[in-house]
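One structure is given here, and the rest of the page talks about it.
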Amino acid sequence: IQWLVPETLSVLFVPDATPAEVEVAARYLEILAYGYWAIGATYLLQAGFNGARRTRTSLVATLLQYWIVRLPIAAGAAVALDLGIEGVFWAVTLSNVVAAIGLGAYYWYETSNGMNVRAVEVAASEGEAAD
């Protein structure tokens, strides 16, 4: 819906927006829609790391996503490529995609090396120690 009727959604949520504001909001909604799968995948993968007691991995992935990927793309697209605010919108979507792909590859690597097995062993040993 967001990709098909972004103007309608923009007016629905901000009824007193000017036509220029609706145009910018609609473009943001269109661009953001391309990366929704990546947002969901990133959260799912971070939950997997967090469940395996690897919360630092989620933290580092988020920091990299924003500071190493999103910020340089936003600056480059907005200024160097002269895309303005639309360049910043694309930076959001692209950083979400990079985070999903990067976390997916790292999750595959870690789980193939026994990350979840080790997490279960630690949890079981802690459970026995508590008894």
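Here's how to read the names in the structure tokens: chain A, B, ... by the order shown, residue numbers from 1 in each chain, ligand numbers from 1 in the order shown.
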Checklist entry - Got a sec: who's within 10 Å of A:Glu21, counting only C-alpha atoms, leaving out chain neighbours fewer than 4 positions off, as an MDAnalysis selection string? => result chainID A and resid 7 10:11 14 16:17 25:27
Please dump the current selection as a PDB file, in the first residue's frame; keep N, CA, C and O atoms.
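The new file again_38.pdb reads:
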```pdb
ATOM      1  N   GLU A   7       1.098   9.086  -1.744  1.00  0.00           N
ATOM      2  CA  GLU A   7       0.524  10.420  -1.548  1.00  0.00           C
ATOM      3  C   GLU A   7      -0.691  10.354  -0.624  1.00  0.00           C
ATOM      4  O   GLU A   7      -0.842  11.182   0.271  1.00  0.00           O
ATOM      5  N   SER A  10       0.434   9.866   2.898  1.00  0.00           N
ATOM      6  CA  SER A  10       1.039  11.089   3.423  1.00  0.00           C
ATOM      7  C   SER A  10      -0.033  12.079   3.857  1.00  0.00           C
ATOM      8  O   SER A  10       0.055  12.665   4.938  1.00  0.00           O
ATOM      9  N   VAL A  11      -1.048  12.257   3.037  1.00  0.00           N
ATOM     10  CA  VAL A  11      -2.139  13.184   3.366  1.00  0.00           C
ATOM     11  C   VAL A  11      -2.960  12.643   4.532  1.00  0.00           C
ATOM     12  O   VAL A  11      -3.418  13.409   5.383  1.00  0.00           O
ATOM     13  N   VAL A  14      -0.755  13.321   7.628  1.00  0.00           N
ATOM     14  CA  VAL A  14      -0.477  14.746   7.822  1.00  0.00           C
ATOM     15  C   VAL A  14      -1.445  15.531   6.931  1.00  0.00           C
ATOM     16  O   VAL A  14      -1.094  16.003   5.858  1.00  0.00           O
ATOM     17  N   ASP A  16      -2.720  18.480   6.922  1.00  0.00           N
ATOM     18  CA  ASP A  16      -2.487  19.883   6.583  1.00  0.00           C
ATOM     19  C   ASP A  16      -1.136  20.113   5.894  1.00  0.00           C
ATOM     20  O   ASP A  16      -0.667  21.241   5.806  1.00  0.00           O
ATOM     21  N   ALA A  17      -0.540  19.059   5.355  1.00  0.00           N
ATOM     22  CA  ALA A  17       0.740  19.184   4.663  1.00  0.00           C
ATOM     23  C   ALA A  17       0.565  19.925   3.345  1.00  0.00           C
ATOM     24  O   ALA A  17      -0.461  19.798   2.675  1.00  0.00           O
ATOM     25  N   ALA A  25       7.289  13.451   1.354  1.00  0.00           N
ATOM     26  CA  ALA A  25       6.878  12.313   2.189  1.00  0.00           C
ATOM     27  C   ALA A  25       6.538  11.106   1.334  1.00  0.00           C
ATOM     28  O   ALA A  25       6.908   9.974   1.659  1.00  0.00           O
ATOM     29  N   ALA A  26       5.862  11.323   0.225  1.00  0.00           N
ATOM     30  CA  ALA A  26       5.497  10.220  -0.661  1.00  0.00           C
ATOM     31  C   ALA A  26       6.741   9.572  -1.256  1.00  0.00           C
ATOM     32  O   ALA A  26       6.825   8.339  -1.339  1.00  0.00           O
ATOM     33  N   ARG A  27       7.708  10.370  -1.644  1.00  0.00           N
ATOM     34  CA  ARG A  27       8.944   9.804  -2.206  1.00  0.00           C
ATOM     35  C   ARG A  27       9.674   8.987  -1.150  1.00  0.00           C
ATOM     36  O   ARG A  27      10.214   7.921  -1.446  1.00  0.00           O
TER      37      ARG A  27
END
```
Checklist entry - So which residues touch stretch 41-58 of chain A within 9 Å, counting only C-alpha atoms, skipping near sequence neighbours fewer than 4 positions away, as a PyMOL selection string? => result chain A and resi 36-37+62-63+96-97+99-101+103-104+107+115-120
Just the selected residues (N, CA and C atoms), exported as a PDB file, in the first residue's frame, please.
```pdb
ATOM      1  N   TYR A  36      11.868  -2.915   3.135  1.00  0.00           N
ATOM      2  CA  TYR A  36      11.178  -3.489   4.292  1.00  0.00           C
ATOM      3  C   TYR A  36      11.594  -4.918   4.576  1.00  0.00           C
ATOM      4  N   TRP A  37      11.818  -5.701   3.536  1.00  0.00           N
ATOM      5  CA  TRP A  37      12.269  -7.071   3.746  1.00  0.00           C
ATOM      6  C   TRP A  37      13.580  -7.072   4.532  1.00  0.00           C
ATOM      7  N   THR A  62      24.492  -2.828  14.320  1.00  0.00           N
ATOM      8  CA  THR A  62      23.705  -1.596  14.260  1.00  0.00           C
ATOM      9  C   THR A  62      24.605  -0.375  14.116  1.00  0.00           C
ATOM     10  N   LEU A  63      25.696  -0.332  14.859  1.00  0.00           N
ATOM     11  CA  LEU A  63      26.630   0.792  14.742  1.00  0.00           C
ATOM     12  C   LEU A  63      27.227   0.874  13.343  1.00  0.00           C
ATOM     13  N   ASN A  96      19.863  -0.547   5.212  1.00  0.00           N
ATOM     14  CA  ASN A  96      19.058  -1.672   5.710  1.00  0.00           C
ATOM     15  C   ASN A  96      19.363  -2.941   4.929  1.00  0.00           C
ATOM     16  N   VAL A  97      19.511  -2.823   3.622  1.00  0.00           N
ATOM     17  CA  VAL A  97      19.812  -3.976   2.777  1.00  0.00           C
ATOM     18  C   VAL A  97      21.208  -4.515   3.091  1.00  0.00           C
ATOM     19  N   ALA A  99      22.885  -4.213   5.864  1.00  0.00           N
ATOM     20  CA  ALA A  99      22.850  -4.831   7.196  1.00  0.00           C
ATOM     21  C   ALA A  99      22.236  -6.223   7.136  1.00  0.00           C
ATOM     22  N   ALA A 100      21.153  -6.379   6.408  1.00  0.00           N
ATOM     23  CA  ALA A 100      20.499  -7.694   6.310  1.00  0.00           C
ATOM     24  C   ALA A 100      21.406  -8.713   5.644  1.00  0.00           C
ATOM     25  N   ILE A 101      22.028  -8.329   4.554  1.00  0.00           N
ATOM     26  CA  ILE A 101      22.905  -9.259   3.840  1.00  0.00           C
ATOM     27  C   ILE A 101      24.144  -9.585   4.678  1.00  0.00           C
ATOM     28  N   LEU A 103      24.547  -9.337   8.022  1.00  0.00           N
ATOM     29  CA  LEU A 103      24.180 -10.145   9.187  1.00  0.00           C
ATOM     30  C   LEU A 103      23.795 -11.565   8.782  1.00  0.00           C
ATOM     31  N   GLY A 104      23.133 -11.697   7.648  1.00  0.00           N
ATOM     32  CA  GLY A 104      22.766 -13.032   7.173  1.00  0.00           C
ATOM     33  C   GLY A 104      23.992 -13.883   6.892  1.00  0.00           C
ATOM     34  N   TYR A 107      25.628 -14.658  10.259  1.00  0.00           N
ATOM     35  CA  TYR A 107      24.824 -15.623  11.002  1.00  0.00           C
ATOM     36  C   TYR A 107      25.047 -17.028  10.447  1.00  0.00           C
ATOM     37  N   MET A 115      27.619 -21.860  16.853  1.00  0.00           N
ATOM     38  CA  MET A 115      27.219 -20.792  17.765  1.00  0.00           C
ATOM     39  C   MET A 115      26.040 -21.225  18.647  1.00  0.00           C
ATOM     40  N   ASN A 116      25.001 -21.784  18.045  1.00  0.00           N
ATOM     41  CA  ASN A 116      23.815 -22.164  18.822  1.00  0.00           C
ATOM     42  C   ASN A 116      24.094 -23.343  19.745  1.00  0.00           C
ATOM     43  N   VAL A 117      24.918 -24.278  19.307  1.00  0.00           N
ATOM     44  CA  VAL A 117      25.276 -25.418  20.149  1.00  0.00           C
ATOM     45  C   VAL A 117      26.008 -24.920  21.401  1.00  0.00           C
ATOM     46  N   ARG A 118      26.939 -24.005  21.216  1.00  0.00           N
ATOM     47  CA  ARG A 118      27.672 -23.449  22.366  1.00  0.00           C
ATOM     48  C   ARG A 118      26.737 -22.687  23.305  1.00  0.00           C
ATOM     49  N   ALA A 119      25.785 -21.956  22.746  1.00  0.00           N
ATOM     50  CA  ALA A 119      24.845 -21.200  23.578  1.00  0.00           C
ATOM     51  C   ALA A 119      23.992 -22.144  24.421  1.00  0.00           C
ATOM     52  N   VAL A 120      23.556 -23.255  23.841  1.00  0.00           N
ATOM     53  CA  VAL A 120      22.769 -24.242  24.582  1.00  0.00           C
ATOM     54  C   VAL A 120      23.609 -24.864  25.689  1.00  0.00           C
TER      55      VAL A 120
END
```
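With only C-alpha atoms as the atoms that count, the residue of A:Ile73, A:Ala91, A:Ala80, A:Leu12 with the shortest distance to A:Tyr28 is A:Ala91.
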Checklist entry - Can you list, as number ranges by chain, every protein, DNA or RNA residue that comes within 8 Å of A:Gly87 when you count only C-alpha atoms, leaving out same-chain residues fewer than 5 positions away? => result A: 73-78, 81-82
